[in-house]
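**Student:** Coordinates in run_39.txt, compact mmCIF, N, CA and C atoms, are listed below.
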```
# COMPACT_ATOMS: atom_id res chain seq x y z
N MET A 1 -13.05 -1.10 15.82
CA MET A 1 -11.89 -1.67 15.16
C MET A 1 -12.19 -1.81 13.67
N SER A 2 -11.19 -1.58 12.86
CA SER A 2 -11.36 -1.66 11.41
C SER A 2 -11.46 -3.11 10.95
N LYS A 3 -11.99 -3.29 9.75
CA LYS A 3 -12.14 -4.61 9.17
C LYS A 3 -10.78 -5.18 8.75
N ILE A 4 -10.72 -6.49 8.72
CA ILE A 4 -9.51 -7.16 8.24
C ILE A 4 -9.49 -7.05 6.72
N LYS A 5 -8.39 -6.53 6.20
CA LYS A 5 -8.24 -6.32 4.75
C LYS A 5 -7.23 -7.26 4.13
N VAL A 6 -6.36 -7.83 4.98
CA VAL A 6 -5.31 -8.73 4.52
C VAL A 6 -5.34 -9.98 5.40
N ALA A 7 -5.32 -11.14 4.78
CA ALA A 7 -5.33 -12.39 5.54
C ALA A 7 -4.10 -12.46 6.44
N GLU A 8 -4.26 -13.12 7.58
CA GLU A 8 -3.17 -13.20 8.55
C GLU A 8 -1.91 -13.82 7.94
N GLU A 9 -2.07 -14.86 7.14
CA GLU A 9 -0.91 -15.53 6.53
C GLU A 9 -0.16 -14.57 5.60
N VAL A 10 -0.91 -13.79 4.84
CA VAL A 10 -0.30 -12.82 3.93
C VAL A 10 0.37 -11.71 4.72
N ALA A 11 -0.27 -11.25 5.79
CA ALA A 11 0.31 -10.20 6.63
C ALA A 11 1.61 -10.69 7.26
N ALA A 12 1.64 -11.94 7.70
CA ALA A 12 2.86 -12.51 8.28
C ALA A 12 3.97 -12.59 7.22
N GLN A 13 3.61 -12.92 5.99
CA GLN A 13 4.59 -12.96 4.91
C GLN A 13 5.13 -11.56 4.61
N GLU A 14 4.26 -10.57 4.65
CA GLU A 14 4.69 -9.19 4.42
C GLU A 14 5.63 -8.73 5.55
N PHE A 15 5.32 -9.13 6.76
CA PHE A 15 6.19 -8.81 7.89
C PHE A 15 7.58 -9.41 7.66
N THR A 16 7.61 -10.66 7.26
CA THR A 16 8.88 -11.34 6.99
C THR A 16 9.64 -10.64 5.86
N ARG A 17 8.92 -10.26 4.81
CA ARG A 17 9.56 -9.56 3.69
C ARG A 17 10.15 -8.23 4.15
N MET A 18 9.43 -7.51 5.01
CA MET A 18 9.93 -6.25 5.55
C MET A 18 11.19 -6.49 6.38
N CYS A 19 11.17 -7.51 7.21
CA CYS A 19 12.34 -7.83 8.03
C CYS A 19 13.54 -8.17 7.16
N GLU A 20 13.34 -8.99 6.16
CA GLU A 20 14.44 -9.39 5.29
C GLU A 20 15.00 -8.21 4.51
N ALA A 21 14.12 -7.34 4.03
CA ALA A 21 14.57 -6.17 3.27
C ALA A 21 15.38 -5.20 4.13
N ASN A 22 15.14 -5.23 5.43
CA ASN A 22 15.80 -4.30 6.34
C ASN A 22 16.83 -4.98 7.25
N ARG A 23 17.21 -6.20 6.88
CA ARG A 23 18.23 -6.96 7.61
C ARG A 23 17.90 -7.11 9.08
N ILE A 24 16.63 -7.40 9.37
CA ILE A 24 16.17 -7.63 10.74
C ILE A 24 16.03 -9.14 10.92
N GLU A 25 16.76 -9.69 11.86
CA GLU A 25 16.71 -11.12 12.13
C GLU A 25 15.32 -11.47 12.65
N HIS A 26 14.67 -12.44 12.00
CA HIS A 26 13.31 -12.79 12.39
C HIS A 26 13.14 -14.28 12.67
N ASP A 27 14.22 -15.03 12.60
CA ASP A 27 14.18 -16.46 12.89
C ASP A 27 14.03 -16.65 14.39
N GLU A 28 12.96 -17.29 14.79
CA GLU A 28 12.67 -17.47 16.21
C GLU A 28 13.29 -18.73 16.80
N SER A 29 13.86 -19.57 15.98
CA SER A 29 14.33 -20.88 16.45
C SER A 29 15.45 -20.78 17.48
N ALA A 30 16.25 -19.73 17.45
CA ALA A 30 17.37 -19.61 18.38
C ALA A 30 17.01 -18.81 19.64
N LEU A 31 15.76 -18.36 19.76
CA LEU A 31 15.37 -17.53 20.89
C LEU A 31 15.01 -18.39 22.10
N ASP A 32 15.39 -17.91 23.28
CA ASP A 32 14.94 -18.58 24.48
C ASP A 32 13.50 -18.15 24.76
N GLU A 33 12.90 -18.69 25.80
CA GLU A 33 11.48 -18.45 26.07
C GLU A 33 11.16 -16.97 26.27
N GLU A 34 11.98 -16.27 27.02
CA GLU A 34 11.74 -14.84 27.29
C GLU A 34 11.93 -14.01 26.02
N GLU A 35 12.97 -14.31 25.26
CA GLU A 35 13.20 -13.58 24.00
C GLU A 35 12.05 -13.82 23.02
N ALA A 36 11.56 -15.05 22.96
CA ALA A 36 10.45 -15.37 22.06
C ALA A 36 9.19 -14.62 22.47
N LYS A 37 8.97 -14.50 23.76
CA LYS A 37 7.81 -13.77 24.27
C LYS A 37 7.91 -12.29 23.89
N GLU A 38 9.08 -11.69 24.06
CA GLU A 38 9.30 -10.29 23.70
C GLU A 38 9.15 -10.08 22.19
N TRP A 39 9.68 -11.00 21.39
CA TRP A 39 9.59 -10.88 19.94
C TRP A 39 8.13 -10.95 19.50
N LYS A 40 7.38 -11.89 20.07
CA LYS A 40 5.97 -12.04 19.73
C LYS A 40 5.19 -10.78 20.11
N ALA A 41 5.52 -10.18 21.23
CA ALA A 41 4.84 -8.95 21.68
C ALA A 41 5.12 -7.78 20.73
N LEU A 42 6.24 -7.80 20.06
CA LEU A 42 6.57 -6.76 19.08
C LEU A 42 5.97 -7.10 17.71
N ARG A 43 6.13 -8.35 17.29
CA ARG A 43 5.69 -8.78 15.96
C ARG A 43 4.17 -8.80 15.79
N ASP A 44 3.45 -9.37 16.72
CA ASP A 44 2.02 -9.60 16.54
C ASP A 44 1.20 -8.32 16.29
N PRO A 45 1.41 -7.24 17.03
CA PRO A 45 0.65 -6.03 16.72
C PRO A 45 1.01 -5.43 15.36
N ILE A 46 2.25 -5.61 14.93
CA ILE A 46 2.65 -5.11 13.61
C ILE A 46 1.94 -5.92 12.53
N VAL A 47 1.88 -7.23 12.70
CA VAL A 47 1.15 -8.08 11.75
C VAL A 47 -0.33 -7.68 11.72
N ARG A 48 -0.91 -7.40 12.89
CA ARG A 48 -2.32 -6.96 12.94
C ARG A 48 -2.51 -5.64 12.20
N ASP A 49 -1.54 -4.72 12.33
CA ASP A 49 -1.64 -3.46 11.59
C ASP A 49 -1.64 -3.70 10.09
N ILE A 50 -0.87 -4.68 9.64
CA ILE A 50 -0.87 -5.04 8.22
C ILE A 50 -2.23 -5.62 7.85
N MET A 51 -2.75 -6.50 8.69
CA MET A 51 -4.05 -7.13 8.43
C MET A 51 -5.16 -6.08 8.29
N HIS A 52 -5.11 -5.04 9.09
CA HIS A 52 -6.16 -4.02 9.08
C HIS A 52 -5.90 -2.92 8.06
N GLY A 53 -4.79 -3.00 7.34
CA GLY A 53 -4.51 -2.04 6.28
C GLY A 53 -3.90 -0.74 6.75
N HIS A 54 -3.55 -0.63 8.02
CA HIS A 54 -2.90 0.58 8.52
C HIS A 54 -1.43 0.63 8.11
N LEU A 55 -0.86 -0.53 7.90
CA LEU A 55 0.55 -0.65 7.54
C LEU A 55 0.67 -1.45 6.26
N VAL A 56 1.42 -0.92 5.33
CA VAL A 56 1.74 -1.67 4.11
C VAL A 56 3.26 -1.70 3.98
N VAL A 57 3.74 -2.71 3.30
CA VAL A 57 5.16 -2.84 3.02
C VAL A 57 5.33 -2.53 1.54
N ASP A 58 6.09 -1.47 1.25
CA ASP A 58 6.22 -1.07 -0.15
C ASP A 58 7.13 -2.02 -0.92
N ALA A 59 7.30 -1.77 -2.19
CA ALA A 59 8.06 -2.67 -3.06
C ALA A 59 9.50 -2.88 -2.60
N SER A 60 10.07 -1.87 -1.93
CA SER A 60 11.46 -2.00 -1.47
C SER A 60 11.54 -2.53 -0.03
N GLY A 61 10.41 -2.87 0.56
CA GLY A 61 10.41 -3.44 1.91
C GLY A 61 10.28 -2.42 3.03
N ARG A 62 10.05 -1.16 2.68
CA ARG A 62 9.88 -0.14 3.72
C ARG A 62 8.48 -0.19 4.29
N ALA A 63 8.35 0.09 5.58
CA ALA A 63 7.06 0.14 6.25
C ALA A 63 6.43 1.51 6.00
N VAL A 64 5.17 1.50 5.56
CA VAL A 64 4.43 2.74 5.33
C VAL A 64 3.18 2.66 6.21
N TYR A 65 3.15 3.47 7.26
CA TYR A 65 2.04 3.46 8.21
C TYR A 65 1.14 4.65 7.95
N THR A 66 -0.17 4.39 7.88
CA THR A 66 -1.14 5.46 7.68
C THR A 66 -1.95 5.64 8.96
N PRO A 67 -1.75 6.77 9.65
CA PRO A 67 -2.51 7.02 10.88
C PRO A 67 -3.96 7.35 10.57
N GLU A 68 -4.79 7.31 11.59
CA GLU A 68 -6.21 7.62 11.45
C GLU A 68 -6.40 9.02 10.86
N VAL A 69 -5.60 9.96 11.35
CA VAL A 69 -5.65 11.34 10.86
C VAL A 69 -4.24 11.73 10.43
N GLY A 70 -4.11 12.30 9.26
CA GLY A 70 -2.80 12.73 8.79
C GLY A 70 -2.34 11.89 7.62
N LYS A 71 -1.13 12.21 7.18
CA LYS A 71 -0.60 11.54 6.00
C LYS A 71 0.23 10.32 6.38
N ALA A 72 0.46 9.46 5.39
CA ALA A 72 1.22 8.24 5.60
C ALA A 72 2.66 8.57 5.99
N VAL A 73 3.24 7.69 6.79
CA VAL A 73 4.59 7.85 7.31
C VAL A 73 5.41 6.65 6.84
N THR A 74 6.50 6.92 6.11
CA THR A 74 7.37 5.86 5.61
C THR A 74 8.59 5.73 6.52
N PHE A 75 8.83 4.53 7.01
CA PHE A 75 9.98 4.26 7.87
C PHE A 75 11.14 3.74 7.03
N ASN A 76 12.24 4.44 7.11
CA ASN A 76 13.47 4.03 6.44
C ASN A 76 14.35 3.29 7.44
N PRO A 77 15.30 2.51 6.99
CA PRO A 77 16.18 1.80 7.92
C PRO A 77 16.89 2.78 8.87
N ALA A 78 17.10 2.31 10.07
CA ALA A 78 17.81 3.11 11.06
C ALA A 78 19.28 3.27 10.65
N THR A 79 19.85 4.40 11.04
CA THR A 79 21.25 4.69 10.76
C THR A 79 21.94 5.06 12.08
N GLY A 80 23.20 5.38 11.99
CA GLY A 80 23.91 5.88 13.17
C GLY A 80 23.25 7.13 13.71
N ALA A 81 22.76 7.99 12.83
CA ALA A 81 22.08 9.21 13.26
C ALA A 81 20.81 8.89 14.06
N THR A 82 20.15 7.79 13.70
CA THR A 82 18.97 7.37 14.44
C THR A 82 19.35 7.00 15.86
N LEU A 83 20.43 6.25 16.00
CA LEU A 83 20.89 5.88 17.34
C LEU A 83 21.29 7.11 18.14
N MET A 84 21.92 8.06 17.49
CA MET A 84 22.31 9.29 18.19
C MET A 84 21.06 10.07 18.61
N ALA A 85 20.00 10.03 17.80
CA ALA A 85 18.76 10.73 18.15
C ALA A 85 18.13 10.14 19.40
N LEU A 86 18.38 8.85 19.66
CA LEU A 86 17.84 8.22 20.87
C LEU A 86 18.40 8.86 22.14
N GLU A 87 19.50 9.57 22.03
CA GLU A 87 20.11 10.20 23.20
C GLU A 87 19.95 11.71 23.19
N THR A 88 19.09 12.22 22.33
CA THR A 88 18.92 13.66 22.17
C THR A 88 18.55 14.37 23.47
N HIS A 89 17.64 13.79 24.22
CA HIS A 89 17.09 14.48 25.40
C HIS A 89 17.62 13.94 26.72
N GLY A 90 18.58 13.06 26.71
CA GLY A 90 19.16 12.56 27.95
C GLY A 90 18.37 11.43 28.58
N LYS A 91 18.90 10.92 29.66
CA LYS A 91 18.29 9.80 30.38
C LYS A 91 16.95 10.22 30.97
N GLY A 92 16.02 9.27 31.02
CA GLY A 92 14.72 9.52 31.60
C GLY A 92 13.74 10.20 30.65
N LYS A 93 14.17 10.46 29.43
CA LYS A 93 13.31 11.10 28.43
C LYS A 93 13.05 10.10 27.30
N ASP A 94 12.60 8.91 27.67
CA ASP A 94 12.46 7.82 26.72
C ASP A 94 11.51 8.14 25.57
N VAL A 95 10.36 8.74 25.86
CA VAL A 95 9.40 9.05 24.80
C VAL A 95 9.98 10.10 23.86
N SER A 96 10.55 11.16 24.41
CA SER A 96 11.15 12.21 23.58
C SER A 96 12.27 11.67 22.72
N ASN A 97 13.07 10.78 23.28
CA ASN A 97 14.16 10.18 22.52
C ASN A 97 13.64 9.29 21.40
N MET A 98 12.58 8.52 21.69
CA MET A 98 12.01 7.65 20.66
C MET A 98 11.40 8.50 19.55
N VAL A 99 10.75 9.60 19.90
CA VAL A 99 10.18 10.49 18.87
C VAL A 99 11.30 11.05 18.00
N ALA A 100 12.41 11.43 18.61
CA ALA A 100 13.54 11.93 17.83
C ALA A 100 14.05 10.86 16.87
N ALA A 101 14.11 9.62 17.31
CA ALA A 101 14.54 8.52 16.44
C ALA A 101 13.53 8.28 15.32
N MET A 102 12.23 8.32 15.66
CA MET A 102 11.19 8.12 14.64
C MET A 102 11.25 9.24 13.60
N ALA A 103 11.48 10.46 14.06
CA ALA A 103 11.59 11.59 13.13
C ALA A 103 12.78 11.39 12.19
N ASP A 104 13.89 10.87 12.73
CA ASP A 104 15.06 10.62 11.89
C ASP A 104 14.76 9.54 10.85
N MET A 105 14.09 8.46 11.25
CA MET A 105 13.81 7.37 10.33
C MET A 105 12.78 7.74 9.26
N THR A 106 11.88 8.65 9.58
CA THR A 106 10.79 8.98 8.66
C THR A 106 10.99 10.27 7.89
N GLY A 107 11.86 11.14 8.40
CA GLY A 107 12.08 12.42 7.75
C GLY A 107 10.95 13.42 7.98
N ILE A 108 10.09 13.14 8.96
CA ILE A 108 9.03 14.11 9.27
C ILE A 108 9.33 14.78 10.60
N ALA A 109 8.71 15.91 10.82
CA ALA A 109 8.94 16.68 12.05
C ALA A 109 8.41 15.93 13.26
N LYS A 110 9.10 16.10 14.38
CA LYS A 110 8.69 15.46 15.63
C LYS A 110 7.26 15.82 16.00
N GLY A 111 6.85 17.05 15.70
CA GLY A 111 5.51 17.51 16.04
C GLY A 111 4.40 16.71 15.37
N GLU A 112 4.69 16.13 14.21
CA GLU A 112 3.69 15.31 13.53
C GLU A 112 3.29 14.11 14.40
N PHE A 113 4.25 13.55 15.10
CA PHE A 113 3.95 12.42 15.98
C PHE A 113 3.11 12.87 17.17
N SER A 114 3.35 14.07 17.65
CA SER A 114 2.60 14.56 18.82
C SER A 114 1.12 14.77 18.48
N ARG A 115 0.80 14.95 17.23
CA ARG A 115 -0.59 15.15 16.82
C ARG A 115 -1.32 13.84 16.49
N MET A 116 -0.60 12.74 16.51
CA MET A 116 -1.23 11.44 16.22
C MET A 116 -2.03 10.97 17.43
N GLY A 117 -3.06 10.20 17.14
CA GLY A 117 -3.76 9.51 18.22
C GLY A 117 -2.82 8.53 18.89
N VAL A 118 -3.11 8.18 20.12
CA VAL A 118 -2.19 7.34 20.89
C VAL A 118 -1.99 5.97 20.23
N ARG A 119 -3.01 5.38 19.64
CA ARG A 119 -2.84 4.07 18.99
C ARG A 119 -1.89 4.17 17.80
N ASP A 120 -2.02 5.25 17.02
CA ASP A 120 -1.13 5.45 15.89
C ASP A 120 0.29 5.73 16.37
N PHE A 121 0.42 6.54 17.41
CA PHE A 121 1.73 6.85 17.99
C PHE A 121 2.41 5.56 18.45
N GLN A 122 1.66 4.72 19.15
CA GLN A 122 2.23 3.46 19.64
C GLN A 122 2.61 2.53 18.49
N ALA A 123 1.81 2.52 17.43
CA ALA A 123 2.14 1.69 16.26
C ALA A 123 3.45 2.15 15.64
N CYS A 124 3.63 3.46 15.53
CA CYS A 124 4.89 3.98 14.99
C CYS A 124 6.06 3.64 15.92
N GLY A 125 5.81 3.68 17.21
CA GLY A 125 6.85 3.31 18.18
C GLY A 125 7.26 1.85 18.04
N ARG A 126 6.28 0.97 17.80
CA ARG A 126 6.61 -0.45 17.59
C ARG A 126 7.48 -0.63 16.35
N LEU A 127 7.15 0.09 15.28
CA LEU A 127 7.96 0.00 14.06
C LEU A 127 9.38 0.49 14.33
N ALA A 128 9.50 1.59 15.06
CA ALA A 128 10.83 2.10 15.40
C ALA A 128 11.61 1.08 16.20
N ARG A 129 10.96 0.46 17.20
CA ARG A 129 11.66 -0.55 18.01
C ARG A 129 12.08 -1.73 17.14
N LEU A 130 11.23 -2.12 16.19
CA LEU A 130 11.60 -3.21 15.30
C LEU A 130 12.84 -2.85 14.48
N PHE A 131 12.86 -1.65 13.92
CA PHE A 131 13.98 -1.24 13.10
C PHE A 131 15.25 -0.99 13.92
N LEU A 132 15.08 -0.77 15.22
CA LEU A 132 16.23 -0.55 16.10
C LEU A 132 16.66 -1.83 16.82
N ALA A 133 15.90 -2.91 16.62
CA ALA A 133 16.19 -4.16 17.33
C ALA A 133 17.60 -4.64 17.01
N ASP A 134 18.26 -5.09 18.03
CA ASP A 134 19.63 -5.62 17.89
C ASP A 134 19.53 -7.14 17.82
N ARG A 135 18.98 -7.61 16.72
CA ARG A 135 18.78 -9.04 16.54
C ARG A 135 19.47 -9.45 15.27
```
Could you take the file, read its structure, and then write that structure out as structure tokens?

**Tutor:**
Amino acid sequence: MSKIKVAEEVAAQEFTRMCEANRIEHDESALDEEEAKEWKALRDPIVRDIMHGHLVVDASGRAVYTPEVGKAVTFNPATGATLMALETHGKGKDVSNMVAAMADMTGIAKGEFSRMGVRDFQACGRLARLFLADR
């Protein structure tokens, strides 16, 4: 595991800044117990990625993830086209659909995600789910 490069408090602040810049509701006070558990399961690994320097939030609040191998990937806010990409491959093709959505948000080819290590792929998937969250 890589060294911690950003303090947890700072990483949490960066996460909040990213959410605010992308109009993602992050206030946990109105969540019930199950929703809070799901939110924490999504938020905490993203904060850890910031702490370890794999994820940075740029000046405009966009998430920039740097995989172990390959170039950095910048996530832009989801659009209607992103939602349509989620249905590209039909029902039961959840991974393929998520890759299509990630490709739409990042502007990179779907094949780039297939060459990522599984931890990097999963980190990108968490970011996509965050940007697609209906909160």

**Student:** From the list A:Val10, A:Ala30, A:Met18, A:Ala101, which residue is nearest Val57 (chain A) when using only N, CA and C atoms?

**Tutor:** A:Met18

**Student:** Name the closest residue to Ala11 (chain A) among the candidates A:Met51, A:Ala36, A:Ala72, A:Leu31; distances are taken between atoms, counting all atoms listed in the file.

**Tutor:**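 For Ala11 (chain A), the nearest of the given residues is A:Met51.
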
**Student:** Would you please work out which residue, of A:Arg43, A:Phe75, A:Val6, A:Cys19, is nearest to Ile108 (chain A) when using only C-alpha atoms?

**Tutor:**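 So, comparing all the options, the nearest one is A:Phe75.
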
**Student:** For region 5-20 of chain A, I'd like the enclosing box, axis-aligned and padded by 5 Å on every side, reported as AutoDock Vina command-line options with centre and edge lengths in Å to one decimal.

**Tutor:**
```
--center_x 3.3 --center_y -10.9 --center_z 6.1 --size_x 33.4 --size_y 19.3 --size_z 14.9
```

**Student:** Go through A:Ile46, A:Gly61, A:Val73, A:Glu38 and flag the residue nearest Arg126 (chain A), using all atoms listed in the file for the distances.

**Tutor:**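 Among the listed residues, A:Ile46 lies closest to Arg126 (chain A).
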
**Student:** List every residue of chain A that DSSP, applied to the backbone of this structure, places in helix (DSSP H, G or I), and write the result as an NGL selection string.

**Tutor:** :A and (8-21 or 33-51 or 80-85 or 94-106 or 110-114 or 118-132)

**Student:** Compute the distance from (6.4, 0.2, 11.1) to each atom, counting all atoms listed in the file, keep the residues with any atom at most 8 Å away, and return them as a VMD selection string; use the coordinates of the file.

**Tutor:** chain A and resid 46 55 to 56 62 to 65 73 to 75 123 to 131

**Student:** Could you write out that same residue set with N, CA and C atoms as a PDB file, in the frame of the given file?

**Tutor:**
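Below is the file that was written, result-v3.pdb:
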```
ATOM      1  N   ILE A  46       2.250  -5.610  14.930  1.00  0.00           N
ATOM      2  CA  ILE A  46       2.650  -5.110  13.610  1.00  0.00           C
ATOM      3  C   ILE A  46       1.940  -5.920  12.530  1.00  0.00           C
ATOM      4  N   LEU A  55      -0.860  -0.530   7.900  1.00  0.00           N
ATOM      5  CA  LEU A  55       0.550  -0.650   7.540  1.00  0.00           C
ATOM      6  C   LEU A  55       0.670  -1.450   6.260  1.00  0.00           C
ATOM      7  N   VAL A  56       1.420  -0.920   5.330  1.00  0.00           N
ATOM      8  CA  VAL A  56       1.740  -1.670   4.110  1.00  0.00           C
ATOM      9  C   VAL A  56       3.260  -1.700   3.980  1.00  0.00           C
ATOM     10  N   ARG A  62      10.050  -1.160   2.680  1.00  0.00           N
ATOM     11  CA  ARG A  62       9.880  -0.140   3.720  1.00  0.00           C
ATOM     12  C   ARG A  62       8.480  -0.190   4.290  1.00  0.00           C
ATOM     13  N   ALA A  63       8.350   0.090   5.580  1.00  0.00           N
ATOM     14  CA  ALA A  63       7.060   0.140   6.250  1.00  0.00           C
ATOM     15  C   ALA A  63       6.430   1.510   6.000  1.00  0.00           C
ATOM     16  N   VAL A  64       5.170   1.500   5.560  1.00  0.00           N
ATOM     17  CA  VAL A  64       4.430   2.740   5.330  1.00  0.00           C
ATOM     18  C   VAL A  64       3.180   2.660   6.210  1.00  0.00           C
ATOM     19  N   TYR A  65       3.150   3.470   7.260  1.00  0.00           N
ATOM     20  CA  TYR A  65       2.040   3.460   8.210  1.00  0.00           C
ATOM     21  C   TYR A  65       1.140   4.650   7.950  1.00  0.00           C
ATOM     22  N   VAL A  73       3.240   7.690   6.790  1.00  0.00           N
ATOM     23  CA  VAL A  73       4.590   7.850   7.310  1.00  0.00           C
ATOM     24  C   VAL A  73       5.410   6.650   6.840  1.00  0.00           C
ATOM     25  N   THR A  74       6.500   6.920   6.110  1.00  0.00           N
ATOM     26  CA  THR A  74       7.370   5.860   5.610  1.00  0.00           C
ATOM     27  C   THR A  74       8.590   5.730   6.520  1.00  0.00           C
ATOM     28  N   PHE A  75       8.830   4.530   7.010  1.00  0.00           N
ATOM     29  CA  PHE A  75       9.980   4.260   7.870  1.00  0.00           C
ATOM     30  C   PHE A  75      11.140   3.740   7.030  1.00  0.00           C
ATOM     31  N   ALA A 123       1.810   2.520  17.430  1.00  0.00           N
ATOM     32  CA  ALA A 123       2.140   1.690  16.260  1.00  0.00           C
ATOM     33  C   ALA A 123       3.450   2.150  15.640  1.00  0.00           C
ATOM     34  N   CYS A 124       3.630   3.460  15.530  1.00  0.00           N
ATOM     35  CA  CYS A 124       4.890   3.980  14.990  1.00  0.00           C
ATOM     36  C   CYS A 124       6.060   3.640  15.920  1.00  0.00           C
ATOM     37  N   GLY A 125       5.810   3.680  17.210  1.00  0.00           N
ATOM     38  CA  GLY A 125       6.850   3.310  18.180  1.00  0.00           C
ATOM     39  C   GLY A 125       7.260   1.850  18.040  1.00  0.00           C
ATOM     40  N   ARG A 126       6.280   0.970  17.800  1.00  0.00           N
ATOM     41  CA  ARG A 126       6.610  -0.450  17.590  1.00  0.00           C
ATOM     42  C   ARG A 126       7.480  -0.630  16.350  1.00  0.00           C
ATOM     43  N   LEU A 127       7.150   0.090  15.280  1.00  0.00           N
ATOM     44  CA  LEU A 127       7.960   0.000  14.060  1.00  0.00           C
ATOM     45  C   LEU A 127       9.380   0.490  14.330  1.00  0.00           C
ATOM     46  N   ALA A 128       9.500   1.590  15.060  1.00  0.00           N
ATOM     47  CA  ALA A 128      10.830   2.100  15.400  1.00  0.00           C
ATOM     48  C   ALA A 128      11.610   1.080  16.200  1.00  0.00           C
ATOM     49  N   ARG A 129      10.960   0.460  17.200  1.00  0.00           N
ATOM     50  CA  ARG A 129      11.660  -0.550  18.010  1.00  0.00           C
ATOM     51  C   ARG A 129      12.080  -1.730  17.140  1.00  0.00           C
ATOM     52  N   LEU A 130      11.230  -2.120  16.190  1.00  0.00           N
ATOM     53  CA  LEU A 130      11.600  -3.210  15.300  1.00  0.00           C
ATOM     54  C   LEU A 130      12.840  -2.850  14.480  1.00  0.00           C
ATOM     55  N   PHE A 131      12.860  -1.650  13.920  1.00  0.00           N
ATOM     56  CA  PHE A 131      13.980  -1.240  13.100  1.00  0.00           C
ATOM     57  C   PHE A 131      15.250  -0.990  13.920  1.00  0.00           C
TER      58      PHE A 131
END
```

**Student:** Rank nothing, just name the residue among A:Glu20, A:Asp94, A:Asp104, A:Glu8 nearest to Thr82 (chain A), using only N, CA and C atoms.

**Tutor:**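 Checking each candidate against Thr82 (chain A), we get A:Asp104 as the closest.
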
**Student:** From the options A:Ala78, A:Met116, A:Ala12, A:Ala7, which residue's atoms come nearest to Met102 (chain A), counting only C-alpha atoms?

**Tutor:**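 Smallest separation from Met102 (chain A) among the options: A:Ala78.
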
**Student:** Separation of CA of Glu25 (chain A) and atom C of Ser60 (chain A), in Å?

**Tutor:**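 Calculated distance between CA of Glu25 (chain A) and atom C of Ser60 (chain A) is 15.8 Å.
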
**Student:** What is the distance between CA of Ala100 (chain A) and CA of Ala133 (chain A), in Å to one decimal?

**Tutor:**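 For CA of Ala100 (chain A) relative to CA of Ala133 (chain A), the distance reads 16.3 Å.
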
**Student:** Any idea what the distance is between CA of His54 (chain A) and CA of Pro67 (chain A)?

**Tutor:**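 CA of His54 (chain A) sits 6.9 Å away from CA of Pro67 (chain A).
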
**Student:** When DSSP works through the backbone of this structure, what residues of region 1-95 of chain A end up as strand (DSSP E or B), shown as JSON, numbers by chain?

**Tutor:** {"A": [55, 56, 57, 63, 64, 65, 73, 74, 75]}
